[in-house]
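Quick look at final_8.cif (mmCIF, C-alpha atoms):
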data_final
#
loop_
_atom_site.group_PDB
_atom_site.id
_atom_site.type_symbol
_atom_site.label_atom_id
_atom_site.label_comp_id
_atom_site.auth_asym_id
_atom_site.auth_seq_id
_atom_site.Cartn_x
_atom_site.Cartn_y
_atom_site.Cartn_z
ATOM 1 C CA MET A 49 27.425 23.484 0.773
ATOM 2 C CA MET A 50 23.791 22.890 1.710
ATOM 3 C CA ALA A 51 22.880 23.131 5.373
ATOM 4 C CA SER A 52 21.343 19.961 6.724
ATOM 5 C CA SER A 53 19.421 19.332 9.920
ATOM 6 C CA LEU A 54 20.163 15.595 9.720
ATOM 7 C CA THR A 55 22.940 13.478 11.178
ATOM 8 C CA CYS A 56 24.584 10.717 9.073
ATOM 9 C CA ALA A 57 22.028 8.273 10.464
ATOM 10 C CA GLY A 58 19.377 10.856 9.565
ATOM 11 C CA VAL A 59 20.421 10.920 5.896
ATOM 12 C CA ILE A 60 20.172 7.103 5.766
ATOM 13 C CA TRP A 61 16.779 7.419 7.501
ATOM 14 C CA ALA A 62 15.560 9.977 4.911
ATOM 15 C CA LEU A 63 16.581 7.792 1.950
ATOM 16 C CA LEU A 64 15.208 4.606 3.515
ATOM 17 C CA SER A 65 11.955 6.385 4.447
ATOM 18 C CA PHE A 66 11.480 7.466 0.853
ATOM 19 C CA LEU A 67 12.245 3.953 -0.417
ATOM 20 C CA CYS A 68 9.770 2.358 2.038
ATOM 21 C CA ALA A 69 7.035 4.899 1.252
ATOM 22 C CA ALA A 70 7.522 4.485 -2.516
ATOM 23 C CA THR A 71 7.470 0.667 -2.238
ATOM 24 C CA SER A 72 4.251 0.678 -0.190
ATOM 25 C CA CYS A 73 2.529 3.300 -2.385
ATOM 26 C CA VAL A 74 3.384 1.523 -5.654
ATOM 27 C CA GLY A 75 2.217 -1.808 -4.208
ATOM 28 C CA PHE A 76 -1.016 -0.250 -2.921
ATOM 29 C CA PHE A 77 -1.860 1.378 -6.262
ATOM 30 C CA MET A 78 -1.115 -1.667 -8.434
ATOM 31 C CA PRO A 79 -3.971 -4.156 -9.016
ATOM 32 C CA TYR A 80 -1.737 -7.213 -8.549
ATOM 33 C CA TRP A 81 -2.484 -8.286 -4.968
ATOM 34 C CA LEU A 82 -4.271 -11.455 -6.059
ATOM 35 C CA TRP A 83 -3.847 -13.519 -9.244
ATOM 36 C CA GLY A 84 -6.309 -15.965 -10.781
ATOM 37 C CA SER A 85 -7.967 -16.793 -14.081
ATOM 38 C CA GLN A 86 -11.454 -16.639 -15.536
ATOM 39 C CA LEU A 87 -12.667 -17.836 -18.940
ATOM 40 C CA GLY A 88 -9.067 -18.768 -19.762
ATOM 41 C CA LYS A 89 -7.751 -15.235 -19.144
ATOM 42 C CA SER A 90 -5.474 -13.981 -16.372
ATOM 43 C CA VAL A 91 -7.324 -11.860 -13.780
ATOM 44 C CA SER A 92 -5.828 -9.817 -10.946
ATOM 45 C CA PHE A 93 -7.215 -7.766 -8.055
ATOM 46 C CA GLY A 94 -5.956 -4.943 -5.881
ATOM 47 C CA THR A 95 -8.006 -3.411 -3.067
ATOM 48 C CA PHE A 96 -9.753 -0.888 -5.338
ATOM 49 C CA ARG A 97 -8.648 -1.901 -8.864
ATOM 50 C CA ARG A 98 -8.782 -5.038 -11.003
ATOM 51 C CA CYS A 99 -7.471 -6.263 -14.334
ATOM 52 C CA SER A 100 -9.682 -8.220 -16.769
ATOM 53 C CA TYR A 101 -13.402 -8.483 -16.114
ATOM 54 C CA PRO A 102 -16.290 -10.412 -17.701
ATOM 55 C CA VAL A 103 -18.984 -8.675 -19.783
ATOM 56 C CA HIS A 104 -21.936 -10.137 -21.673
ATOM 57 C CA ASP A 105 -21.428 -9.992 -25.453
ATOM 58 C CA GLU A 106 -24.897 -9.337 -26.924
ATOM 59 C CA THR A 107 -23.965 -10.351 -30.480
ATOM 60 C CA ARG A 108 -22.487 -13.724 -29.517
ATOM 61 C CA GLN A 109 -24.808 -14.191 -26.499
ATOM 62 C CA MET A 110 -21.944 -15.220 -24.219
ATOM 63 C CA MET A 111 -19.613 -13.905 -21.511
ATOM 64 C CA VAL A 112 -16.296 -12.526 -22.761
ATOM 65 C CA MET A 113 -13.300 -11.116 -20.847
ATOM 66 C CA VAL A 114 -12.290 -7.494 -21.333
ATOM 67 C CA GLU A 115 -8.522 -7.421 -20.807
ATOM 68 C CA GLU A 116 -7.846 -4.016 -19.281
ATOM 69 C CA CYS A 117 -7.143 -2.619 -15.820
ATOM 70 C CA GLY A 118 -9.172 0.002 -14.013
ATOM 71 C CA ARG A 119 -10.713 1.215 -10.775
ATOM 72 C CA TYR A 120 -14.140 0.076 -9.661
ATOM 73 C CA ALA A 121 -16.814 2.486 -10.906
ATOM 74 C CA SER A 122 -17.650 3.555 -7.348
ATOM 75 C CA PHE A 123 -16.446 2.944 -3.798
ATOM 76 C CA GLN A 124 -19.529 0.743 -3.273
ATOM 77 C CA GLY A 125 -18.454 -1.257 -6.353
ATOM 78 C CA ILE A 126 -15.480 -2.709 -4.433
ATOM 79 C CA PRO A 127 -16.448 -6.404 -3.972
ATOM 80 C CA SER A 128 -16.411 -6.603 -0.159
ATOM 81 C CA THR A 129 -16.711 -4.418 2.941
ATOM 82 C CA GLU A 130 -13.318 -5.717 4.133
ATOM 83 C CA TRP A 131 -11.656 -4.497 0.924
ATOM 84 C CA ARG A 132 -13.284 -1.064 1.334
ATOM 85 C CA ILE A 133 -11.900 -0.765 4.874
ATOM 86 C CA CYS A 134 -8.564 -2.110 3.618
ATOM 87 C CA THR A 135 -8.474 0.571 0.879
ATOM 88 C CA ILE A 136 -9.085 3.386 3.395
ATOM 89 C CA ILE A 137 -6.603 2.323 6.084
ATOM 90 C CA THR A 138 -3.854 1.233 3.665
ATOM 91 C CA GLY A 139 -4.250 4.511 1.736
ATOM 92 C CA LEU A 140 -4.058 6.475 4.997
ATOM 93 C CA GLY A 141 -0.936 4.551 6.073
ATOM 94 C CA CYS A 142 0.741 5.187 2.698
ATOM 95 C CA GLY A 143 -0.111 8.891 3.008
ATOM 96 C CA LEU A 144 1.564 9.083 6.442
ATOM 97 C CA LEU A 145 4.710 7.289 5.211
ATOM 98 C CA LEU A 146 4.898 9.611 2.197
ATOM 99 C CA LEU A 147 4.434 12.729 4.369
ATOM 100 C CA VAL A 148 7.280 11.728 6.711
ATOM 101 C CA ALA A 149 9.515 10.669 3.799
ATOM 102 C CA LEU A 150 9.138 14.031 2.023
ATOM 103 C CA THR A 151 9.732 15.928 5.290
ATOM 104 C CA ALA A 152 12.847 13.802 5.922
ATOM 105 C CA LEU A 153 14.187 14.541 2.427
ATOM 106 C CA MET A 154 13.598 18.286 3.010
ATOM 107 C CA GLY A 155 15.606 17.929 6.208
ATOM 108 C CA CYS A 156 18.634 17.002 4.062
ATOM 109 C CA CYS A 157 18.818 20.541 2.691
ATOM 110 C CA VAL A 158 17.017 22.734 5.255
ATOM 111 C CA SER A 159 18.895 23.513 8.448
ATOM 112 C CA GLU A 160 17.072 23.185 11.782
ATOM 113 C CA LEU A 161 14.014 21.532 10.224
ATOM 114 C CA ILE A 162 14.433 18.241 12.051
ATOM 115 C CA SER A 163 15.500 18.324 15.687
ATOM 116 C CA ARG A 164 15.870 15.221 17.832
ATOM 117 C CA THR A 165 12.292 15.653 19.093
ATOM 118 C CA VAL A 166 10.864 16.133 15.584
ATOM 119 C CA GLY A 167 12.800 13.031 14.453
ATOM 120 C CA ARG A 168 11.244 10.949 17.227
ATOM 121 C CA VAL A 169 7.746 12.241 16.435
ATOM 122 C CA ALA A 170 8.330 11.452 12.749
ATOM 123 C CA GLY A 171 9.394 7.924 13.748
ATOM 124 C CA GLY A 172 6.161 7.548 15.719
ATOM 125 C CA ILE A 173 4.128 8.650 12.693
ATOM 126 C CA GLN A 174 6.017 6.126 10.534
ATOM 127 C CA PHE A 175 5.249 3.375 13.026
ATOM 128 C CA LEU A 176 1.548 4.314 12.905
ATOM 129 C CA GLY A 177 1.621 4.402 9.082
ATOM 130 C CA GLY A 178 3.257 0.966 8.954
ATOM 131 C CA LEU A 179 0.714 -0.357 11.465
ATOM 132 C CA LEU A 180 -2.211 0.887 9.337
ATOM 133 C CA ILE A 181 -0.787 -0.697 6.164
ATOM 134 C CA GLY A 182 -0.108 -3.924 8.081
ATOM 135 C CA ALA A 183 -3.723 -3.941 9.305
ATOM 136 C CA GLY A 184 -4.892 -3.414 5.703
ATOM 137 C CA CYS A 185 -2.788 -6.356 4.486
ATOM 138 C CA ALA A 186 -4.198 -8.509 7.320
ATOM 139 C CA LEU A 187 -7.789 -7.541 6.398
ATOM 140 C CA TYR A 188 -7.360 -8.266 2.687
ATOM 141 C CA PRO A 189 -7.795 -12.083 2.898
ATOM 142 C CA LEU A 190 -11.184 -11.570 4.607
ATOM 143 C CA GLY A 191 -12.538 -10.448 1.221
ATOM 144 C CA TRP A 192 -11.609 -13.651 -0.603
ATOM 145 C CA ASP A 193 -15.112 -15.029 -0.066
ATOM 146 C CA SER A 194 -16.718 -12.347 -2.292
ATOM 147 C CA GLU A 195 -18.482 -13.488 -5.470
ATOM 148 C CA GLU A 196 -15.980 -11.757 -7.813
ATOM 149 C CA VAL A 197 -13.016 -13.480 -6.187
ATOM 150 C CA ARG A 198 -14.798 -16.857 -6.078
ATOM 151 C CA GLN A 199 -15.499 -16.619 -9.840
ATOM 152 C CA THR A 200 -11.763 -16.119 -10.435
ATOM 153 C CA CYS A 201 -10.490 -18.669 -7.890
ATOM 154 C CA GLY A 202 -12.518 -21.666 -9.080
ATOM 155 C CA TYR A 203 -15.482 -21.149 -6.701
ATOM 156 C CA ILE A 204 -13.489 -22.730 -3.880
ATOM 157 C CA SER A 205 -11.952 -19.632 -2.258
ATOM 158 C CA GLY A 206 -13.053 -18.340 1.118
ATOM 159 C CA GLN A 207 -11.703 -16.129 3.897
ATOM 160 C CA PHE A 208 -7.957 -16.897 4.207
ATOM 161 C CA ASP A 209 -8.408 -19.649 1.579
ATOM 162 C CA LEU A 210 -7.001 -18.792 -1.872
ATOM 163 C CA GLY A 211 -8.664 -21.613 -3.776
ATOM 164 C CA LYS A 212 -6.993 -21.685 -7.207
ATOM 165 C CA CYS A 213 -5.616 -18.138 -6.891
ATOM 166 C CA GLU A 214 -2.240 -16.943 -5.651
ATOM 167 C CA ILE A 215 -0.878 -13.865 -3.890
ATOM 168 C CA GLY A 216 0.569 -11.243 -6.268
ATOM 169 C CA TRP A 217 3.816 -9.261 -5.976
ATOM 170 C CA ALA A 218 2.044 -5.973 -5.143
ATOM 171 C CA TYR A 219 0.708 -7.429 -1.860
ATOM 172 C CA TYR A 220 4.236 -8.396 -0.780
ATOM 173 C CA CYS A 221 5.558 -5.019 -1.941
ATOM 174 C CA THR A 222 3.035 -3.087 0.174
ATOM 175 C CA GLY A 223 3.651 -5.219 3.249
ATOM 176 C CA ALA A 224 7.460 -5.171 2.927
ATOM 177 C CA GLY A 225 7.532 -1.363 2.661
ATOM 178 C CA ALA A 226 5.366 -1.077 5.780
ATOM 179 C CA ALA A 227 7.439 -3.610 7.757
ATOM 180 C CA ALA A 228 10.722 -1.857 6.895
ATOM 181 C CA ALA A 229 9.204 1.516 7.840
ATOM 182 C CA MET A 230 8.034 0.155 11.207
ATOM 183 C CA LEU A 231 11.231 -1.689 12.103
ATOM 184 C CA LEU A 232 14.117 0.204 10.475
ATOM 185 C CA CYS A 233 12.873 3.748 9.869
ATOM 186 C CA THR A 234 11.249 4.111 13.300
ATOM 187 C CA TRP A 235 14.536 3.097 14.939
ATOM 188 C CA LEU A 236 16.727 5.312 12.707
ATOM 189 C CA ALA A 237 14.389 8.290 13.244
ATOM 190 C CA CYS A 238 15.480 8.420 16.914
ATOM 191 C CA PHE A 239 19.034 9.323 15.796
ATOM 192 C CA SER A 240 18.117 11.447 12.780
ATOM 193 C CA GLY A 241 18.002 15.001 14.128
ATOM 194 C CA LYS A 242 20.958 17.092 15.240
ATOM 195 C CA LYS A 243 20.953 18.612 18.693
ATOM 196 C CA GLN A 244 19.532 22.117 18.418
ATOM 197 C CA LYS A 245 21.840 25.062 19.030
ATOM 198 C CA GLN A 246 21.143 26.946 22.249
ATOM 199 C CA TYR A 247 20.671 30.648 21.578
ATOM 200 C CA PRO A 248 21.561 33.100 24.365
ATOM 201 C CA TYR A 249 18.099 34.694 24.607
#
Write the structure described by the file as structure tokens, please.
Amino acid sequence: MMASSLTCAGVIWALLSFLCAATSCVGFFMPYWLWGSQLGKSVSFGTFRRCSYPVHDETRQMMVMVEECGRYASFQGIPSTEWRICTIITGLGCGLLLLVALTALMGCCVSELISRTVGRVAGGIQFLGGLLIGAGCALYPLGWDSEEVRQTCGYISGQFDLGKCEIGWAYYCTGAGAAAAMLLCTWLACFSGKKQKQYPY
């Protein structure tokens, strides 16, 4: 029988923390935050990645779409300042959620790793992580007025105005993971750790 430092609520907290962190991290990494089309091809954007981009075909002397996904060549290549800030704070928030989730899972099989105090601190870190991701999701629409997005959204998009584009599943995924971490995991973390044994020395 493995020794655990978690209560029953703590085990639920550990599993839920991992689920929330994985959901947010997958959503953050995927370039499907925003959907649109350009030159008759489907185009999607994340904060630091995009799928399908136009290049000039020298032989045919016209713009053609390259249908593949990838990161921007450099950090400066990200279309707007807001998306650069969004990439940093959302990435940081995902890192914090992942750190707490892995620590919580270790608590399932390591005795005395997570006390009541450590559980509450971990909950605080999760709340901060969720807050950072939430701030990143709130900042994202500020970048919809960049030239790249306008090309894809029919030249009628602006800040908080999608134009002909629509929100992708990865945006919802990232936000949902963060919201669940802030609301559920932070609350469960308060009851996650067992009361530490008092040693007579």
TODO: Please identify all polymer residues within 9 Å of Thr55 in chain A, counting only C-alpha atoms, omitting same-chain residues fewer than 2 positions from it, and present them as an MDAnalysis selection string.
DONE: chainID A and resid 52:53 57:60 239:242
Open item on the list: One decimal, in Å: what's the spacing between CA of Ser128 in chain A and CA of Gly191 in chain A?
Closed with: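 So the two atoms, CA of Ser128 in chain A and CA of Gly191 in chain A, lie 5.6 Å apart.
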- [ ] Just say which residues the PyMOL selection byres ((chain A and resi 220) around 10) picks in this file, as a list in words.
- [x]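 So the PyMOL selection byres ((chain A and resi 220) around 10), applied here, picks out Thr71, Ser72, Gly75, Phe76, Tyr80, Trp81, Cys185, Ile215, Gly216, Trp217, Ala218, Tyr219, Cys221, Thr222, Gly223, Ala224, Gly225 and Ala226 of chain A.
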Task: Pairwise distance for CA of Phe77 in chain A and CA of Met154 in chain A, rounded to one decimal in Å - done: 24.7 Å
Open item on the list: Taking 4 positions as the minimum chain separation for residues in the same chain, which residues sit within 8 Å of Gly177 in chain A when counting all atoms listed in the file? Answer as a list in words.
Closed with: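 Counting all atoms listed in the file, the residues come to Leu140, Gly141, Cys142, Gly143, Leu144, Leu145, Ile173, Ile181, Ala226 and Met230 of chain A.
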Test item: residues at most 10 Å from Leu153 in chain A, only C-alpha atoms, excluding those fewer than 5 positions along its chain, as a PDB file with C-alpha atoms, in the coordinates of the input:
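Full text of out28.pdb as output:
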ATOM      1  CA  SER A  52      21.343  19.961   6.724  1.00  0.00           C
ATOM      2  CA  LEU A  54      20.163  15.595   9.720  1.00  0.00           C
ATOM      3  CA  GLY A  58      19.377  10.856   9.565  1.00  0.00           C
ATOM      4  CA  VAL A  59      20.421  10.920   5.896  1.00  0.00           C
ATOM      5  CA  TRP A  61      16.779   7.419   7.501  1.00  0.00           C
ATOM      6  CA  ALA A  62      15.560   9.977   4.911  1.00  0.00           C
ATOM      7  CA  LEU A  63      16.581   7.792   1.950  1.00  0.00           C
ATOM      8  CA  SER A  65      11.955   6.385   4.447  1.00  0.00           C
ATOM      9  CA  PHE A  66      11.480   7.466   0.853  1.00  0.00           C
ATOM     10  CA  VAL A 148       7.280  11.728   6.711  1.00  0.00           C
ATOM     11  CA  VAL A 158      17.017  22.734   5.255  1.00  0.00           C
TER      12      VAL A 158
END
TODO: Report as a VMD selection string the residues that result from applying the PyMOL selection byres ((chain A and resi 97) around 8) to the structure here.
DONE: chain A and resid 77 to 79 93 to 96 98 to 99 117 to 120
TODO: Counting only C-alpha atoms, note down every residue that has an atom within 12 Å of the point (-17.0, -13.5, -5.4) (file coordinates), as a ChimeraX atom specification.
DONE: /A:86,93,126-128,190-207,210-211
- [ ] Quote the spacing between CA of Gly171 in chain A and CA of Leu236 in chain A in Å to one decimal place.
- [x]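 Taking CA of Gly171 in chain A as the start and CA of Leu236 in chain A as the end point, the length is 7.9 Å.
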TODO: I need the residue set behind the PyMOL selection byres ((chain A and resi 137) around 8) for this file; please write it as number ranges by chain.
DONE: A: 133-136, 138-141, 180-181, 183-184
Box for range 130-142 of chain A: with edges along x, y and z, all listed atoms inside and 3 Å added on each side, what are the centre and edge lengths in Å to one decimal, as JSON?
{"center_x": -6.3, "center_y": 0.4, "center_z": 3.5, "size_x": 20.1, "size_y": 18.2, "size_z": 11.2}
Task: Residue contacts of Pro102 in chain A (7 Å, all atoms listed in the file) excluding same-chain residues fewer than 3 positions away, as a PyMOL selection string - done: chain A and resi 111-114
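Closest approach to Gly178 in chain A from the set A:Ala69, A:Cys156, A:Met110, A:Ala149 is made by A:Ala69, with distances taken over all atoms listed in the file.
The residue set within 8 Å of Phe175 in chain A, counting only C-alpha atoms and dropping same-chain residues fewer than 6 places from it, reads Ala229, Met230, Leu231 and Thr234 of chain A.
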